[in-house]
Amino acid sequence: MLIKKRTGIEIPSSEITPQHLYLSRRQFMAGAALATTAGLLAACGAGGAPEEANTAAVNSGNGGTAVSATTDELGDPLNTYDEITNYNNYYEFNTTKDGPARLAKDFPTTPWQVEVGGMVKNPKTYAMEDLLKFDQEERIYRLRCVEAWSMVIPWVGFPLAKLLNEVEPTADAKYVRFETVYDPDNMPGQRGRMFPWPYVEGLTVEEAMQDLTILSTGLYGETLLPQNGAPIRLVVPWKYGFKSIKAIVKIELVDYMPTSLWMESAPTEYGFYANVNPEVNHPRWSQATERRIGELGRRPTLLFNGYAEQVAHLYPDPKYDTNLKPRGS
Amino acid sequence: MTPITQKLSSIRKLDRKTTAQILRVSAHMLSLYALALLLLDYSRNNLGADPVREILLRTGEPALVLLILSLAVTPLTLLFGWKQLHPLRRIFGLYAFLYVALHLLTFIWLDYGLNLAYILDGILEQNFVLVGFAAFVLLLPLAITSNKWSQRKLGKKWKTLHKLVYIIILLALIHFWWLVKNVYYMPFLYSAIVTVLLLLRWQPVKQKVLRFQHRPRNRQSAIRNP
């Protein structure tokens, strides 16, 4: 017990083991935060399916407390606003976790427009104001990073399907290709040559039309901060976090499978589908467990990040991500 | 020996003693710096949203740096003749072990919550952890035998045993290369340093360095005594 003798660093065992203790502390804190926004308490409780928890978020302007529930539908507490806005993977700024919050502070998000085109009947360039006209709803989702950490985040946004229905994909459109802004003047990470900027991601049209798939413009009832992908980002909760592309400027319907930035820079490690799956290791690390930010110890990772009921039917072929090897194979 | 030269030599001896002391204290302070900073940040609640990751990084990297420092002692002695550095090998080596032990403890305790099934999955399903763990296991006998008594007891075997450090440093570097996500600056930097340190131990390189070192001195003496 080297650590104990060296003082200070030891973390009380009470904080490590019994999860219920930890959870009650979290719930207490979240509850206290909620109490400050009167009238929302009625919506509090164990939380229903994301579809049920669609109370329109109110921008309370008091540091991100406007949420309709304190937990996700599995009963796990929300991560704090502070955690969500200070622990980010956003290589456009830098590769540390706390760097994006610092470096993205002055990132300009107005004016902003998103070009929606490709194989659609009504191509249109949307100004941010137009996108905010879609009904903004709260979606409490787990976010599982490919690095095996996770959070529970109360996003605000609208289903991507609503936008796609407006532009009407043609019958030939099979995939949706997303692109992040290329702005090396304001994104220091894009000045490096380590990655083929800009960031690109993709979904099948079926995945894009799934109700869980949203374009997010806020979290905790607040307008999205730059480090979280402002002004508009994708959230696909059953896939690893890197699929949820940030600061989108272009959405294109195409008939080919888009090559994402990660597929291009590490083709043996990242596939197109990248669905959360505890049975399929990353080539270099296990995906069986994950560390929930704010907790000690690990929890088992759930198939499709716990959204199997909603999305498993999209993947009849278990070998859909051919470059990722299931465990034991 | 005249009284004056006697006095001079005793001063020189004292000097050597003080130098050794200063070096030793500096080595201890240098080695403890990262841990002190980590404890300070912990006490100030300054480890960010994922303190476990932070503690893992901030015990892992010092461990590697200290291993490299302990490997740097011999070449530095060779290059500059700083024999006084020699005792620092053990100090850096033992502190490297301390950081590795803290690193492993953080992994099994804070990260994996002492859950045996998760820990086994964490070690066996992740090659970077496996090589890191192997490095720890190999470091163990070195730490245990890092004392004069073991050195005497083991005789020639001690030296052979402590050559394990070359395997350990390679495992530590592989551990680093395998865990980073496509941004390889730091593993590259450390690997380059280790490569230089290992090359300096390789006879052909070593001989060249030594010959180069002796050249100017020979020339001077040649001028002085034509």
# chains A, B, ... in the order shown; residues from 1 in each chain; ligands from 1

call {"tool": "select_by_dssp", "arguments": {"residues": "segment 31-181 of chain B", "states": "helix (DSSP H, G or I)", "output": "number ranges by chain"}}
result
B: 31-43, 51-80, 83-85, 88-111, 116-124, 127-144, 148-154, 156-162, 164-179

call {"tool": "interface_residues", "arguments": {"of": "chain A", "to": "chain B", "cutoff": "6 Å", "atoms": "only C-alpha atoms", "output": "list in words"}}
result
Ile9, Glu83, Arg284, Trp285, Ser286, Ile293, Leu296, Gly297 and Arg298 of chain A

call {"tool": "write_last_selection", "arguments": {"atoms": "all heavy atoms", "output": "PDB file, in the first residue's frame"}}
result
ATOM      1  N   ILE A   9      -2.824  11.288  -1.667  1.00  0.00           N
ATOM      2  CA  ILE A   9      -3.346  10.762  -2.925  1.00  0.00           C
ATOM      3  C   ILE A   9      -4.461   9.753  -2.684  1.00  0.00           C
ATOM      4  O   ILE A   9      -5.316   9.550  -3.536  1.00  0.00           O
ATOM      5  CB  ILE A   9      -2.227  10.128  -3.761  1.00  0.00           C
ATOM      6  CG1 ILE A   9      -2.691  10.011  -5.213  1.00  0.00           C
ATOM      7  CG2 ILE A   9      -1.841   8.777  -3.231  1.00  0.00           C
ATOM      8  CD1 ILE A   9      -1.591   9.589  -6.137  1.00  0.00           C
ATOM      9  N   GLU A  83     -18.311  19.008 -16.256  1.00  0.00           N
ATOM     10  CA  GLU A  83     -17.603  17.867 -16.843  1.00  0.00           C
ATOM     11  C   GLU A  83     -17.763  17.861 -18.362  1.00  0.00           C
ATOM     12  O   GLU A  83     -16.800  17.680 -19.111  1.00  0.00           O
ATOM     13  CB  GLU A  83     -18.144  16.554 -16.255  1.00  0.00           C
ATOM     14  CG  GLU A  83     -17.710  16.292 -14.826  1.00  0.00           C
ATOM     15  CD  GLU A  83     -18.515  15.176 -14.150  1.00  0.00           C
ATOM     16  OE1 GLU A  83     -19.642  14.857 -14.609  1.00  0.00           O
ATOM     17  OE2 GLU A  83     -18.028  14.647 -13.147  1.00  0.00           O
ATOM     18  N   ARG A 284      -6.323  -2.351 -30.472  1.00  0.00           N
ATOM     19  CA  ARG A 284      -5.309  -2.222 -29.422  1.00  0.00           C
ATOM     20  C   ARG A 284      -5.871  -2.191 -28.006  1.00  0.00           C
ATOM     21  O   ARG A 284      -5.130  -2.232 -27.046  1.00  0.00           O
ATOM     22  CB  ARG A 284      -4.457  -0.976 -29.681  1.00  0.00           C
ATOM     23  CG  ARG A 284      -3.573  -1.127 -30.905  1.00  0.00           C
ATOM     24  CD  ARG A 284      -2.709   0.082 -31.138  1.00  0.00           C
ATOM     25  NE  ARG A 284      -3.499   1.206 -31.600  1.00  0.00           N
ATOM     26  CZ  ARG A 284      -3.325   2.454 -31.173  1.00  0.00           C
ATOM     27  NH1 ARG A 284      -2.415   2.720 -30.287  1.00  0.00           N
ATOM     28  NH2 ARG A 284      -4.067   3.426 -31.657  1.00  0.00           N
ATOM     29  N   TRP A 285      -7.169  -2.030 -27.861  1.00  0.00           N
ATOM     30  CA  TRP A 285      -7.694  -2.067 -26.491  1.00  0.00           C
ATOM     31  C   TRP A 285      -9.083  -2.681 -26.447  1.00  0.00           C
ATOM     32  O   TRP A 285      -9.778  -2.801 -27.454  1.00  0.00           O
ATOM     33  CB  TRP A 285      -7.655  -0.694 -25.833  1.00  0.00           C
ATOM     34  CG  TRP A 285      -8.406   0.394 -26.536  1.00  0.00           C
ATOM     35  CD1 TRP A 285      -9.738   0.622 -26.480  1.00  0.00           C
ATOM     36  CD2 TRP A 285      -7.859   1.416 -27.382  1.00  0.00           C
ATOM     37  NE1 TRP A 285     -10.061   1.710 -27.237  1.00  0.00           N
ATOM     38  CE2 TRP A 285      -8.932   2.223 -27.788  1.00  0.00           C
ATOM     39  CE3 TRP A 285      -6.563   1.729 -27.817  1.00  0.00           C
ATOM     40  CZ2 TRP A 285      -8.761   3.322 -28.639  1.00  0.00           C
ATOM     41  CZ3 TRP A 285      -6.399   2.820 -28.654  1.00  0.00           C
ATOM     42  CH2 TRP A 285      -7.480   3.600 -29.057  1.00  0.00           C
ATOM     43  N   SER A 286      -9.467  -3.054 -25.228  1.00  0.00           N
ATOM     44  CA  SER A 286     -10.752  -3.725 -25.014  1.00  0.00           C
ATOM     45  C   SER A 286     -11.883  -2.698 -24.978  1.00  0.00           C
ATOM     46  O   SER A 286     -11.710  -1.586 -24.513  1.00  0.00           O
ATOM     47  CB  SER A 286     -10.698  -4.475 -23.681  1.00  0.00           C
ATOM     48  OG  SER A 286     -11.999  -4.852 -23.288  1.00  0.00           O
ATOM     49  N   ILE A 293     -17.271   9.076 -16.673  1.00  0.00           N
ATOM     50  CA  ILE A 293     -16.608  10.249 -16.110  1.00  0.00           C
ATOM     51  C   ILE A 293     -17.323  10.659 -14.824  1.00  0.00           C
ATOM     52  O   ILE A 293     -18.560  10.765 -14.792  1.00  0.00           O
ATOM     53  CB  ILE A 293     -16.603  11.418 -17.129  1.00  0.00           C
ATOM     54  CG1 ILE A 293     -15.811  11.036 -18.383  1.00  0.00           C
ATOM     55  CG2 ILE A 293     -16.030  12.690 -16.510  1.00  0.00           C
ATOM     56  CD1 ILE A 293     -14.369  10.654 -18.152  1.00  0.00           C
ATOM     57  N   LEU A 296     -15.420   6.231 -10.103  1.00  0.00           N
ATOM     58  CA  LEU A 296     -14.234   5.394 -10.016  1.00  0.00           C
ATOM     59  C   LEU A 296     -14.664   3.981 -10.365  1.00  0.00           C
ATOM     60  O   LEU A 296     -15.828   3.631 -10.242  1.00  0.00           O
ATOM     61  CB  LEU A 296     -13.641   5.457  -8.612  1.00  0.00           C
ATOM     62  CG  LEU A 296     -13.032   6.817  -8.237  1.00  0.00           C
ATOM     63  CD1 LEU A 296     -12.635   6.831  -6.786  1.00  0.00           C
ATOM     64  CD2 LEU A 296     -11.841   7.131  -9.124  1.00  0.00           C
ATOM     65  N   GLY A 297     -13.723   3.178 -10.793  1.00  0.00           N
ATOM     66  CA  GLY A 297     -14.086   1.836 -11.208  1.00  0.00           C
ATOM     67  C   GLY A 297     -14.692   1.851 -12.593  1.00  0.00           C
ATOM     68  O   GLY A 297     -14.778   2.906 -13.234  1.00  0.00           O
ATOM     69  N   ARG A 298     -15.107   0.691 -13.057  1.00  0.00           N
ATOM     70  CA  ARG A 298     -15.612   0.573 -14.430  1.00  0.00           C
ATOM     71  C   ARG A 298     -17.008  -0.003 -14.436  1.00  0.00           C
ATOM     72  O   ARG A 298     -17.447  -0.614 -13.464  1.00  0.00           O
ATOM     73  CB  ARG A 298     -14.677  -0.346 -15.223  1.00  0.00           C
ATOM     74  CG  ARG A 298     -13.291   0.219 -15.336  1.00  0.00           C
ATOM     75  CD  ARG A 298     -12.727  -0.067 -16.694  1.00  0.00           C
ATOM     76  NE  ARG A 298     -11.705   0.905 -16.989  1.00  0.00           N
ATOM     77  CZ  ARG A 298     -11.365   1.265 -18.215  1.00  0.00           C
ATOM     78  NH1 ARG A 298     -11.965   0.735 -19.243  1.00  0.00           N
ATOM     79  NH2 ARG A 298     -10.429   2.161 -18.411  1.00  0.00           N
TER      80      ARG A 298
END

call {"tool": "residues_around", "arguments": {"residues": "segment 120-134 of chain A", "least_positions_apart": "3", "cutoff": "8 Å", "atoms": "only C-alpha atoms", "output": "ChimeraX atom specification"}}
result
/A:111-117,158,162,166-170,173,217,231,253

call {"tool": "write_last_selection", "arguments": {"atoms": "N, CA and C atoms", "output": "short mmCIF file (atom, residue, chain, number, x, y, z; two decimals), in the first residue's frame"}}
result
data_model
loop_
_atom_site.label_atom_id
_atom_site.label_comp_id
_atom_site.auth_asym_id
_atom_site.auth_seq_id
_atom_site.Cartn_x
_atom_site.Cartn_y
_atom_site.Cartn_z
N PRO A 111 -21.66 34.52 -38.21
CA PRO A 111 -22.79 33.79 -38.80
C PRO A 111 -22.36 32.36 -39.14
N TRP A 112 -23.35 31.50 -39.31
CA TRP A 112 -23.06 30.10 -39.62
C TRP A 112 -24.11 29.58 -40.57
N GLN A 113 -23.68 28.83 -41.54
CA GLN A 113 -24.67 28.17 -42.38
C GLN A 113 -24.26 26.76 -42.72
N VAL A 114 -25.27 25.95 -42.97
CA VAL A 114 -25.04 24.55 -43.29
C VAL A 114 -25.62 24.27 -44.67
N GLU A 115 -24.74 23.80 -45.54
CA GLU A 115 -25.14 23.51 -46.91
C GLU A 115 -25.65 22.07 -46.96
N VAL A 116 -26.91 21.90 -47.34
CA VAL A 116 -27.46 20.55 -47.44
C VAL A 116 -27.74 20.27 -48.91
N GLY A 117 -27.06 19.26 -49.45
CA GLY A 117 -27.21 19.04 -50.88
C GLY A 117 -26.87 17.62 -51.29
N PHE A 158 -32.67 18.49 -32.56
CA PHE A 158 -33.84 17.99 -33.29
C PHE A 158 -33.41 16.82 -34.16
N LYS A 162 -35.91 15.15 -39.60
CA LYS A 162 -36.76 16.29 -39.94
C LYS A 162 -36.13 17.15 -41.02
N GLU A 166 -37.15 17.46 -45.23
CA GLU A 166 -37.38 18.74 -45.91
C GLU A 166 -36.66 18.80 -47.25
N VAL A 167 -35.41 18.27 -47.27
CA VAL A 167 -34.65 18.34 -48.53
C VAL A 167 -34.97 17.17 -49.46
N GLU A 168 -35.59 16.13 -48.91
CA GLU A 168 -36.03 14.96 -49.69
C GLU A 168 -34.92 14.26 -50.46
N PRO A 169 -34.26 13.31 -49.83
CA PRO A 169 -33.25 12.52 -50.53
C PRO A 169 -33.88 11.77 -51.71
N THR A 170 -33.14 11.65 -52.80
CA THR A 170 -33.65 10.89 -53.94
C THR A 170 -33.49 9.40 -53.66
N ALA A 173 -29.89 8.02 -53.18
CA ALA A 173 -29.08 8.38 -52.02
C ALA A 173 -29.01 7.21 -51.04
N THR A 217 -27.92 21.44 -30.86
CA THR A 217 -27.57 22.86 -30.84
C THR A 217 -27.34 23.35 -29.42
N PRO A 231 -21.73 25.62 -33.74
CA PRO A 231 -23.11 25.81 -33.29
C PRO A 231 -24.01 24.59 -33.52
N LEU A 253 -26.01 14.16 -49.39
CA LEU A 253 -26.55 12.83 -49.64
C LEU A 253 -25.79 12.24 -50.81
#

call {"tool": "residues_around", "arguments": {"residues": "Pro184 of chain A", "least_positions_apart": "3", "cutoff": "12 Å", "atoms": "only C-alpha atoms", "output": "JSON, numbers by chain"}}
result
{"A": [91, 92, 93, 94, 107, 180, 181, 187, 188, 189, 190, 191, 192, 193, 197, 198]}

call {"tool": "residues_around", "arguments": {"residues": "Gly93 of chain B", "least_positions_apart": "2", "cutoff": "10 Å", "atoms": "only C-alpha atoms", "output": "number ranges by chain"}}
result
B: 31, 63, 66-71, 88-91, 95-98, 139, 142-143, 146, 165
